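Structure below is coords09.cif: mmCIF, C-alpha atoms.
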data_structure
loop_
_atom_site.label_atom_id
_atom_site.label_comp_id
_atom_site.auth_asym_id
_atom_site.auth_seq_id
_atom_site.Cartn_x
_atom_site.Cartn_y
_atom_site.Cartn_z
CA MET A 1 -3.23 -98.31 13.54
CA LYS A 2 -1.62 -100.44 16.24
CA HIS A 3 -0.87 -104.16 16.33
CA TYR A 4 -0.38 -106.16 19.53
CA LEU A 5 2.25 -108.75 18.67
CA GLN A 6 4.34 -108.64 21.85
CA PHE A 7 4.10 -106.90 25.23
CA ASN A 8 6.51 -104.16 24.17
CA ASP A 9 4.08 -102.94 21.53
CA LEU A 10 2.31 -100.71 24.08
CA THR A 11 3.67 -98.17 26.55
CA ALA A 12 3.38 -98.14 30.34
CA ASP A 13 0.85 -95.31 30.03
CA GLU A 14 -1.26 -97.33 27.61
CA TYR A 15 -1.23 -100.27 30.02
CA THR A 16 -2.42 -98.02 32.83
CA TYR A 17 -5.35 -97.05 30.62
CA LEU A 18 -6.07 -100.67 29.64
CA PHE A 19 -6.12 -101.88 33.25
CA GLU A 20 -8.48 -99.06 34.23
CA ARG A 21 -10.68 -99.80 31.25
CA ALA A 22 -10.70 -103.55 31.99
CA THR A 23 -11.84 -102.77 35.54
CA LEU A 24 -14.80 -100.79 34.22
CA ILE A 25 -15.68 -103.40 31.58
CA LYS A 26 -15.53 -106.22 34.12
CA LYS A 27 -17.70 -104.24 36.56
CA LYS A 28 -20.33 -103.79 33.85
CA PHE A 29 -20.16 -107.50 32.98
CA LYS A 30 -20.75 -108.50 36.61
CA ALA A 31 -23.68 -106.09 36.85
CA TYR A 32 -25.24 -107.41 33.60
CA GLU A 33 -24.91 -103.96 32.02
CA LYS A 34 -24.66 -103.90 28.23
CA HIS A 35 -21.44 -102.55 26.82
CA HIS A 36 -21.57 -102.55 23.01
CA PRO A 37 -18.94 -100.17 21.61
CA LEU A 38 -18.04 -102.58 18.77
CA VAL A 39 -21.44 -103.00 17.14
CA ASP A 40 -21.06 -104.02 13.48
CA ARG A 41 -17.36 -104.81 13.98
CA THR A 42 -16.02 -108.27 13.15
CA LEU A 43 -13.12 -110.18 14.68
CA ALA A 44 -11.42 -112.94 12.67
CA MET A 45 -9.83 -115.59 14.89
CA ILE A 46 -7.19 -117.71 13.17
CA PHE A 47 -5.97 -120.83 14.95
CA GLU A 48 -2.95 -122.84 13.90
CA LYS A 49 -2.62 -123.92 17.55
CA ALA A 50 -5.85 -125.09 19.17
CA SER A 51 -7.00 -123.50 22.42
CA THR A 52 -9.91 -123.49 24.85
CA ARG A 53 -9.29 -120.32 26.85
CA THR A 54 -8.11 -118.20 23.92
CA ARG A 55 -11.10 -119.09 21.76
CA VAL A 56 -13.73 -118.69 24.47
CA SER A 57 -12.28 -115.49 25.90
CA PHE A 58 -11.97 -113.73 22.52
CA GLU A 59 -15.21 -115.05 21.05
CA ALA A 60 -17.36 -114.38 24.12
CA GLY A 61 -15.61 -111.06 24.65
CA MET A 62 -16.27 -109.83 21.12
CA TYR A 63 -19.95 -110.81 21.31
CA GLN A 64 -20.23 -109.01 24.65
CA LEU A 65 -18.81 -105.88 22.99
CA GLY A 66 -21.60 -106.06 20.43
CA GLY A 67 -19.47 -107.41 17.58
CA SER A 68 -19.31 -110.67 15.67
CA VAL A 69 -16.70 -113.37 15.15
CA VAL A 70 -15.36 -115.46 12.27
CA HIS A 71 -13.48 -118.57 13.40
CA LEU A 72 -10.80 -120.02 11.11
CA THR A 73 -8.28 -122.82 11.43
CA THR A 74 -5.45 -123.71 9.09
CA GLY A 75 -7.39 -126.87 8.24
CA ASP A 76 -10.44 -125.07 6.83
CA SER A 77 -8.80 -122.07 5.19
CA GLN A 78 -6.10 -121.28 2.64
CA LEU A 79 -3.71 -120.59 5.54
CA GLY A 80 -3.14 -124.33 5.76
CA ARG A 81 -2.60 -124.72 2.03
CA ALA A 82 -0.44 -122.99 -0.55
CA GLU A 83 -1.54 -119.35 -0.31
CA PRO A 84 1.19 -117.04 1.02
CA ILE A 85 0.53 -115.48 4.42
CA GLU A 86 0.86 -112.06 2.83
CA ASP A 87 -1.99 -112.76 0.38
CA SER A 88 -4.25 -114.16 3.13
CA ALA A 89 -3.61 -111.06 5.23
CA LYS A 90 -4.52 -108.72 2.39
CA VAL A 91 -7.78 -110.54 1.72
CA ILE A 92 -8.94 -111.22 5.28
CA SER A 93 -8.15 -107.71 6.51
CA ARG A 94 -10.40 -106.23 3.80
CA MET A 95 -13.37 -108.13 5.23
CA VAL A 96 -13.01 -107.80 9.01
CA ASP A 97 -12.07 -105.11 11.50
CA LEU A 98 -9.66 -107.02 13.74
CA VAL A 99 -7.63 -110.23 13.55
CA MET A 100 -6.42 -112.51 16.37
CA ILE A 101 -3.88 -115.19 15.45
CA ARG A 102 -2.66 -118.11 17.55
CA THR A 103 0.20 -119.82 15.76
CA TYR A 104 3.70 -121.26 16.10
CA GLU A 105 6.41 -118.92 14.78
CA GLN A 106 6.32 -115.22 15.68
CA ALA A 107 7.53 -114.52 12.14
CA LYS A 108 4.17 -115.70 10.76
CA ILE A 109 2.14 -113.21 12.75
CA GLU A 110 4.60 -110.43 11.91
CA ARG A 111 4.28 -111.20 8.19
CA PHE A 112 0.50 -111.18 8.49
CA ALA A 113 0.49 -107.87 10.39
CA ALA A 114 2.83 -106.25 7.85
CA ASN A 115 0.21 -106.90 5.17
CA SER A 116 -2.95 -106.27 7.21
CA ARG A 117 -5.18 -103.22 6.94
CA VAL A 118 -6.57 -103.84 10.43
CA PRO A 119 -5.03 -104.42 13.91
CA VAL A 120 -3.58 -107.87 14.57
CA ILE A 121 -3.43 -109.43 18.05
CA ASN A 122 -1.05 -112.18 19.13
CA GLY A 123 -3.17 -114.90 20.75
CA LEU A 124 0.04 -116.90 21.38
CA THR A 125 3.20 -117.77 19.49
CA ASN A 126 6.18 -119.92 20.43
CA GLU A 127 8.02 -116.74 21.39
CA TYR A 128 5.45 -114.53 23.18
CA HIS A 129 2.07 -114.64 24.94
CA PRO A 130 1.22 -110.98 25.66
CA CYS A 131 -2.53 -111.41 26.25
CA GLN A 132 -1.88 -113.91 29.05
CA ILE A 133 0.59 -111.65 30.86
CA LEU A 134 -1.86 -108.77 30.39
CA ALA A 135 -4.45 -110.87 32.25
CA ASP A 136 -1.96 -111.98 34.91
CA ILE A 137 -0.90 -108.45 35.77
CA PHE A 138 -4.52 -107.28 35.84
CA THR A 139 -5.32 -110.13 38.24
CA PHE A 140 -2.41 -109.15 40.48
CA ILE A 141 -3.62 -105.53 40.52
CA GLU A 142 -7.13 -106.68 41.49
CA HIS A 143 -5.83 -108.67 44.46
CA ARG A 144 -2.76 -106.73 45.61
CA GLY A 145 -2.68 -103.31 43.93
CA SER A 146 0.10 -101.99 41.73
CA ILE A 147 2.72 -104.48 40.54
CA GLN A 148 5.39 -101.77 40.36
CA GLY A 149 8.29 -102.60 42.66
CA LYS A 150 7.03 -106.15 43.29
CA THR A 151 8.80 -109.47 42.64
CA VAL A 152 7.48 -112.24 40.40
CA ALA A 153 9.04 -115.72 40.61
CA TRP A 154 8.97 -117.66 37.36
CA VAL A 155 9.57 -121.37 37.96
CA GLY A 156 9.83 -123.67 34.94
CA ASP A 157 10.44 -123.47 31.22
CA GLY A 158 12.13 -120.49 29.59
CA ASN A 159 9.22 -120.24 27.16
CA ASN A 160 6.90 -117.64 25.61
CA MET A 161 5.41 -116.83 29.01
CA ALA A 162 8.81 -116.25 30.59
CA ASN A 163 9.90 -114.07 27.67
CA THR A 164 6.80 -111.93 28.04
CA TRP A 165 7.20 -111.60 31.82
CA LEU A 166 10.67 -110.15 31.23
CA GLN A 167 9.31 -107.59 28.78
CA ALA A 168 6.55 -106.62 31.21
CA ALA A 169 8.97 -106.23 34.13
CA ALA A 170 11.22 -103.84 32.22
CA LEU A 171 8.25 -101.79 31.02
CA LEU A 172 6.17 -101.65 34.20
CA GLY A 173 8.89 -101.47 36.86
CA PHE A 174 8.87 -104.77 38.71
CA LYS A 175 11.36 -107.64 39.00
CA VAL A 176 11.29 -111.25 37.82
CA HIS A 177 13.20 -114.05 39.52
CA VAL A 178 13.71 -116.73 36.85
CA SER A 179 14.56 -120.36 37.58
CA THR A 180 14.72 -122.91 34.76
CA PRO A 181 16.46 -126.28 34.43
CA ARG A 182 19.77 -126.30 32.61
CA GLY A 183 19.17 -126.44 28.87
CA TYR A 184 15.79 -124.71 29.12
CA GLU A 185 16.96 -121.19 29.93
CA ILE A 186 15.42 -118.00 28.59
CA ASP A 187 16.94 -116.65 25.40
CA GLU A 188 17.64 -113.13 26.65
CA LYS A 189 17.96 -111.70 23.14
CA LEU A 190 14.61 -113.17 22.15
CA ALA A 191 12.97 -112.00 25.37
CA ALA A 192 14.18 -108.46 24.69
CA GLY A 193 12.09 -108.35 21.52
CA ALA A 194 11.38 -104.99 19.95
CA GLY A 195 11.76 -102.82 23.03
CA GLY A 196 14.54 -104.50 24.99
CA THR A 197 14.67 -105.57 28.61
CA SER A 198 16.48 -104.10 31.57
CA ALA A 199 19.13 -106.22 33.29
CA SER A 200 17.98 -104.73 36.60
CA SER A 201 14.46 -106.09 36.09
CA TYR A 202 15.31 -109.80 36.25
CA GLN A 203 17.64 -112.23 37.98
CA PHE A 204 18.42 -115.88 37.28
CA PHE A 205 18.49 -118.62 39.94
CA SER A 206 19.61 -122.23 39.47
CA ASN A 207 17.61 -123.19 42.57
CA PRO A 208 13.83 -122.63 42.18
CA LEU A 209 13.38 -122.36 45.94
CA GLU A 210 15.77 -119.41 46.02
CA ALA A 211 13.89 -117.77 43.17
CA CYS A 212 10.73 -117.86 45.28
CA GLN A 213 12.35 -116.15 48.28
CA GLY A 214 10.41 -112.97 49.07
CA ALA A 215 8.29 -113.14 45.92
CA ASP A 216 4.90 -111.42 45.72
CA LEU A 217 3.75 -113.77 42.98
CA VAL A 218 4.85 -117.30 42.08
CA THR A 219 3.89 -118.49 38.62
CA THR A 220 4.61 -121.37 36.27
CA ASP A 221 3.46 -123.16 33.14
CA VAL A 222 3.33 -126.70 31.79
CA TRP A 223 6.68 -128.41 31.28
CA THR A 224 5.86 -129.36 27.70
CA SER A 225 4.22 -126.65 25.60
CA MET A 226 2.24 -127.39 22.44
CA GLY A 227 4.59 -128.33 19.64
CA TYR A 228 7.18 -129.93 21.93
CA GLU A 229 5.31 -133.15 22.71
CA ALA A 230 8.16 -135.31 21.39
CA GLU A 231 10.31 -134.02 24.27
CA ASN A 232 7.75 -134.84 26.96
CA GLU A 233 9.56 -137.69 28.75
CA GLU A 234 12.91 -135.94 28.57
CA ARG A 235 11.36 -132.78 29.98
CA LYS A 236 9.71 -134.62 32.86
CA LYS A 237 13.14 -135.76 34.02
CA ALA A 238 14.78 -132.36 33.56
CA PHE A 239 11.99 -130.45 35.34
CA ALA A 240 11.51 -132.84 38.29
CA ASP A 241 12.78 -130.25 40.82
CA TRP A 242 10.77 -127.41 39.29
CA CYS A 243 7.36 -128.38 40.65
CA VAL A 244 5.83 -125.48 42.59
CA ASP A 245 5.02 -126.93 46.01
CA ALA A 246 4.14 -125.76 49.51
CA GLU A 247 7.81 -125.25 50.38
CA MET A 248 8.27 -122.81 47.51
CA MET A 249 5.13 -120.91 48.43
CA ALA A 250 6.33 -120.76 52.05
CA ALA A 251 9.58 -119.18 50.84
CA ALA A 252 7.60 -116.43 49.14
CA LYS A 253 5.90 -113.62 51.05
CA PRO A 254 3.04 -114.72 53.34
CA ASP A 255 0.48 -113.04 51.09
CA ALA A 256 2.07 -114.20 47.81
CA LEU A 257 -0.27 -115.24 45.02
CA PHE A 258 0.05 -118.28 42.77
CA MET A 259 -0.82 -118.17 39.07
CA HIS A 260 -0.83 -120.63 36.18
CA CYS A 261 -2.06 -119.88 32.66
CA LEU A 262 -3.72 -123.34 32.41
CA PRO A 263 -4.24 -126.10 31.51
CA ALA A 264 -2.34 -127.49 34.51
CA HIS A 265 -0.96 -130.91 35.34
CA ARG A 266 -1.24 -131.41 39.08
CA GLY A 267 1.76 -133.29 40.40
CA GLU A 268 4.02 -132.08 37.56
CA GLU A 269 4.64 -128.33 37.35
CA VAL A 270 2.48 -127.62 40.43
CA GLU A 271 1.22 -129.60 43.41
CA ALA A 272 -2.53 -129.88 43.85
CA ASP A 273 -2.45 -128.24 47.30
CA VAL A 274 -0.91 -125.13 45.71
CA ILE A 275 -3.12 -124.66 42.65
CA ASP A 276 -6.23 -125.55 44.66
CA GLY A 277 -5.04 -123.74 47.78
CA PRO A 278 -5.93 -120.33 49.26
CA GLN A 279 -3.08 -118.45 47.56
CA SER A 280 -4.11 -119.56 44.08
CA VAL A 281 -5.98 -117.09 41.87
CA VAL A 282 -5.93 -119.18 38.69
CA TRP A 283 -9.70 -119.02 38.13
CA ASP A 284 -9.77 -115.21 38.39
CA GLU A 285 -6.73 -115.20 36.13
CA ALA A 286 -8.50 -117.34 33.52
CA GLU A 287 -11.65 -115.19 33.55
CA ASN A 288 -9.61 -112.02 33.30
CA ARG A 289 -8.29 -113.04 29.89
CA MET A 290 -11.72 -112.09 28.58
CA HIS A 291 -11.94 -108.73 30.34
CA VAL A 292 -8.47 -107.45 29.44
CA GLN A 293 -8.87 -108.64 25.86
CA LYS A 294 -12.14 -106.76 25.62
CA ALA A 295 -10.34 -103.63 26.77
CA LEU A 296 -7.55 -104.32 24.28
CA MET A 297 -9.88 -104.85 21.31
CA GLU A 298 -11.85 -101.74 22.18
CA TYR A 299 -8.63 -99.72 22.41
CA LEU A 300 -7.14 -101.00 19.16
CA LEU A 301 -10.32 -100.14 17.26
CA LEU A 302 -11.57 -97.00 19.01
CA GLY A 303 -8.60 -95.55 20.88
CA ARG A 304 -9.05 -94.02 24.31
CA ILE A 305 -12.60 -93.51 25.45
CA ALA A 306 -13.10 -90.66 27.88
#
Could you write out this structure as structure tokens?
Amino acid sequence: MKHYLQFNDLTADEYTYLFERATLIKKKFKAYEKHHPLVDRTLAMIFEKASTRTRVSFEAGMYQLGGSVVHLTTGDSQLGRAEPIEDSAKVISRMVDLVMIRTYEQAKIERFAANSRVPVINGLTNEYHPCQILADIFTFIEHRGSIQGKTVAWVGDGNNMANTWLQAAALLGFKVHVSTPRGYEIDEKLAAGAGGTSASSYQFFSNPLEACQGADLVTTDVWTSMGYEAENEERKKAFADWCVDAEMMAAAKPDALFMHCLPAHRGEEVEADVIDGPQSVVWDEAENRMHVQKALMEYLLLGRIA
């Protein structure tokens, strides 16, 4: 049994399989062909952090695979009360086949997984967001081919997305140019996670424009992630020069793509003419969360399908 708690939990070979499988699953979806390998399987979705894209992509995806979904929040379950996480995991995992959790601390999902009889998927934690990077890389492959040897520019907060990009770069053989304001840098030890990162796979830049030089992909996230709302005004001042604009995109390669995991604040972390411009693939990126997660759920439950 495998869990998917951070990007390092799978190998490069497994990702090659997942991207190929996601391509097939998406092709069937677009052709209105039924694909029901998970009939009679149930996914439990547990939300401590609310989400639009995570809920819709997992719920719709599981139904499209022929399975069913149970939706839980900490407000309507014992997870928000006094029951230990370990006890909840032991009970829930006896009743479903797969669990997706979107929560705050990575330690919570690790405790749940350690006591679960079924695979557990990280739908987002403060530390990592592997399903989003899975979708981002799949989107890049769709538009530009292999990401191996390419350069990704990360402009903004040293958050869960940035941590996961560093893990992916070390594992899949590309490079990340990271630019964050002072005080919001990536915690390199945290980013390393279970499998470590390679110093040759990333480089830090104090100037975001320099980070975008020669990049194949420029990507960012909101300045204030969920749970950090009290810092919003302070962050707006600190991040003022980290808005992805036309000048940054011009510094990247002529065919560079722009991505954002959404929701976006036009005029803050990205200018409207970038996110709504011809280099932006954010809508494909958002849709692809569903397709790669379908491939992931299928793999965690059934293994490789010939």
* To do: Specify as a PyMOL selection string each residue included when the PyMOL selection byres ((chain A and resi 20-22) around 8) is applied to this file.
  => chain A and resi 16-19+23-26+291-292+294-295
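Straight-line separation from CA of Met95 (chain A) to CA of Asn115 (chain A): 13.6 Å.
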Test item: residues at most 10 Å from Val155 (chain A), all atoms listed in the file, excluding those fewer than 3 positions along its chain, as a PDB file with C-alpha atoms, in the frame of the given file:
ATOM      1  CA  VAL A 152       7.480-112.240  40.400  1.00  0.00           C
ATOM      2  CA  GLY A 158      12.130-120.490  29.590  1.00  0.00           C
ATOM      3  CA  ALA A 162       8.810-116.250  30.590  1.00  0.00           C
ATOM      4  CA  HIS A 177      13.200-114.050  39.520  1.00  0.00           C
ATOM      5  CA  VAL A 178      13.710-116.730  36.850  1.00  0.00           C
ATOM      6  CA  SER A 179      14.560-120.360  37.580  1.00  0.00           C
ATOM      7  CA  THR A 180      14.720-122.910  34.760  1.00  0.00           C
ATOM      8  CA  PRO A 181      16.460-126.280  34.430  1.00  0.00           C
ATOM      9  CA  PHE A 205      18.490-118.620  39.940  1.00  0.00           C
ATOM     10  CA  ASN A 207      17.610-123.190  42.570  1.00  0.00           C
ATOM     11  CA  PRO A 208      13.830-122.630  42.180  1.00  0.00           C
ATOM     12  CA  LEU A 209      13.380-122.360  45.940  1.00  0.00           C
ATOM     13  CA  ALA A 211      13.890-117.770  43.170  1.00  0.00           C
ATOM     14  CA  CYS A 212      10.730-117.860  45.280  1.00  0.00           C
ATOM     15  CA  VAL A 218       4.850-117.300  42.080  1.00  0.00           C
ATOM     16  CA  THR A 219       3.890-118.490  38.620  1.00  0.00           C
ATOM     17  CA  THR A 220       4.610-121.370  36.270  1.00  0.00           C
ATOM     18  CA  ASP A 221       3.460-123.160  33.140  1.00  0.00           C
ATOM     19  CA  PHE A 239      11.990-130.450  35.340  1.00  0.00           C
ATOM     20  CA  ASP A 241      12.780-130.250  40.820  1.00  0.00           C
ATOM     21  CA  TRP A 242      10.770-127.410  39.290  1.00  0.00           C
ATOM     22  CA  CYS A 243       7.360-128.380  40.650  1.00  0.00           C
ATOM     23  CA  VAL A 244       5.830-125.480  42.590  1.00  0.00           C
ATOM     24  CA  MET A 248       8.270-122.810  47.510  1.00  0.00           C
ATOM     25  CA  GLU A 269       4.640-128.330  37.350  1.00  0.00           C
ATOM     26  CA  VAL A 270       2.480-127.620  40.430  1.00  0.00           C
TER      27      VAL A 270
END
* **Gap from CA of Ser57 (chain A) to CA of Lys150 (chain A) - Å, one decimal** =>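 Distance between the two atoms: 27.6 Å.
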* Asked: Applied to the shown file, which residues does the PyMOL selection byres ((chain A and resi 47) around 7) return, written as a list in words?
  -> Met45, Ile46, Glu48, Lys49, Ala50, Leu72, Thr73, Thr74, Ile101, Arg102 and Thr103 of chain A
Kindly provide, as a CSV table (one decimal) with C-alpha atoms, in the frame of the given file, the polymer residues lying within 10 Å of (2.5, -129.7, 34.1), counting only C-alpha atoms and using the coordinates exactly as they appear in the file.
chain,number,residue,atom,x,y,z
A,156,GLY,CA,9.8,-123.7,34.9
A,220,THR,CA,4.6,-121.4,36.3
A,221,ASP,CA,3.5,-123.2,33.1
A,222,VAL,CA,3.3,-126.7,31.8
A,223,TRP,CA,6.7,-128.4,31.3
A,224,THR,CA,5.9,-129.4,27.7
A,225,SER,CA,4.2,-126.6,25.6
A,236,LYS,CA,9.7,-134.6,32.9
A,239,PHE,CA,12.0,-130.4,35.3
A,243,CYS,CA,7.4,-128.4,40.6
A,260,HIS,CA,-0.8,-120.6,36.2
A,262,LEU,CA,-3.7,-123.3,32.4
A,263,PRO,CA,-4.2,-126.1,31.5
A,264,ALA,CA,-2.3,-127.5,34.5
A,265,HIS,CA,-1.0,-130.9,35.3
A,266,ARG,CA,-1.2,-131.4,39.1
A,267,GLY,CA,1.8,-133.3,40.4
A,268,GLU,CA,4.0,-132.1,37.6
A,269,GLU,CA,4.6,-128.3,37.4
A,270,VAL,CA,2.5,-127.6,40.4
A,271,GLU,CA,1.2,-129.6,43.4
* Using the chain letters and residue numbers of this document, give as a ChimeraX atom specification the residues selected by the PyMOL selection byres ((chain A and resi 139) around 12). => /A:19,22-23,26,132-138,140-147,217,257-261,280-292
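Take the candidates A:Asn8, A:Pro37, A:Gln64, A:Pro254 and check each one against Ile305 (chain A) using all atoms listed in the file; the shortest distance goes to A:Pro37.
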* Length of the CA of Lys108 (chain A) to CA of Ile85 (chain A) vector [Å] ->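 Distance between the two atoms: 7.3 Å.
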Given the block above, output region 156-239 of chain A with C-alpha atoms as a tab-separated table (two decimals), in the first residue's frame.
chain	number	residue	atom	x	y	z
A	156	GLY	CA	6.55	34.73	-4.72
A	157	ASP	CA	6.13	33.06	-1.36
A	158	GLY	CA	8.39	30.25	-0.19
A	159	ASN	CA	5.31	28.16	0.56
A	160	ASN	CA	3.97	24.63	0.08
A	161	MET	CA	3.96	25.05	-3.70
A	162	ALA	CA	7.58	26.19	-3.77
A	163	ASN	CA	8.63	23.31	-1.51
A	164	THR	CA	6.95	20.82	-3.81
A	165	TRP	CA	8.49	22.34	-6.95
A	166	LEU	CA	11.93	21.78	-5.43
A	167	GLN	CA	11.15	18.13	-4.73
A	168	ALA	CA	9.85	17.65	-8.27
A	169	ALA	CA	12.91	19.28	-9.85
A	170	ALA	CA	15.33	17.00	-8.02
A	171	LEU	CA	13.30	13.91	-8.90
A	172	LEU	CA	12.44	14.65	-12.53
A	173	GLY	CA	15.60	16.42	-13.69
A	174	PHE	CA	14.71	20.06	-14.24
A	175	LYS	CA	15.73	23.31	-12.53
A	176	VAL	CA	13.82	25.84	-10.43
A	177	HIS	CA	14.77	29.51	-10.19
A	178	VAL	CA	13.35	30.73	-6.87
A	179	SER	CA	12.76	34.37	-5.99
A	180	THR	CA	11.04	35.33	-2.74
A	181	PRO	CA	11.04	38.52	-0.66
A	182	ARG	CA	13.39	38.62	2.30
A	183	GLY	CA	11.77	36.90	5.26
A	184	TYR	CA	9.65	34.62	3.08
A	185	GLU	CA	12.37	32.31	1.79
A	186	ILE	CA	12.01	28.57	1.27
A	187	ASP	CA	13.00	26.40	4.21
A	188	GLU	CA	15.43	24.15	2.34
A	189	LYS	CA	15.34	21.45	5.02
A	190	LEU	CA	11.55	21.36	4.90
A	191	ALA	CA	11.52	21.35	1.10
A	192	ALA	CA	13.86	18.36	1.09
A	193	GLY	CA	11.23	16.28	2.86
A	194	ALA	CA	11.59	12.52	2.84
A	195	GLY	CA	13.68	12.16	-0.29
A	196	GLY	CA	15.92	15.21	-0.25
A	197	THR	CA	16.58	17.78	-2.94
A	198	SER	CA	19.59	18.35	-5.15
A	199	ALA	CA	21.46	21.65	-4.83
A	200	SER	CA	22.01	21.54	-8.59
A	201	SER	CA	18.25	21.52	-9.23
A	202	TYR	CA	17.48	24.99	-7.85
A	203	GLN	CA	18.95	28.47	-7.57
A	204	PHE	CA	17.89	31.47	-5.50
A	205	PHE	CA	17.53	35.01	-6.87
A	206	SER	CA	16.86	38.18	-4.88
A	207	ASN	CA	15.58	39.85	-8.06
A	208	PRO	CA	12.45	38.18	-9.50
A	209	LEU	CA	13.22	39.51	-12.98
A	210	GLU	CA	16.55	37.68	-12.95
A	211	ALA	CA	14.81	34.50	-11.83
A	212	CYS	CA	12.63	34.66	-14.95
A	213	GLN	CA	15.58	34.99	-17.35
A	214	GLY	CA	15.46	32.11	-19.83
A	215	ALA	CA	12.68	30.27	-18.00
A	216	ASP	CA	10.43	27.79	-19.81
A	217	LEU	CA	7.69	28.26	-17.23
A	218	VAL	CA	6.90	31.15	-14.90
A	219	THR	CA	4.61	30.36	-11.99
A	220	THR	CA	3.37	31.96	-8.79
A	221	ASP	CA	0.76	31.76	-6.05
A	222	VAL	CA	-1.21	34.15	-3.86
A	223	TRP	CA	0.82	36.27	-1.47
A	224	THR	CA	-1.28	35.26	1.52
A	225	SER	CA	-2.14	31.57	1.76
A	226	MET	CA	-5.03	30.24	3.84
A	227	GLY	CA	-4.18	30.43	7.51
A	228	TYR	CA	-1.97	33.52	7.16
A	229	GLU	CA	-4.73	36.11	6.71
A	230	ALA	CA	-3.54	38.13	9.72
A	231	GLU	CA	-0.34	38.90	7.78
A	232	ASN	CA	-2.15	40.11	4.66
A	233	GLU	CA	-1.30	43.83	4.80
A	234	GLU	CA	2.28	43.17	5.82
A	235	ARG	CA	2.67	40.68	2.99
A	236	LYS	CA	1.26	43.10	0.41
A	237	LYS	CA	4.07	45.52	1.24
A	238	ALA	CA	6.79	42.86	1.26
A	239	PHE	CA	5.67	41.27	-2.03
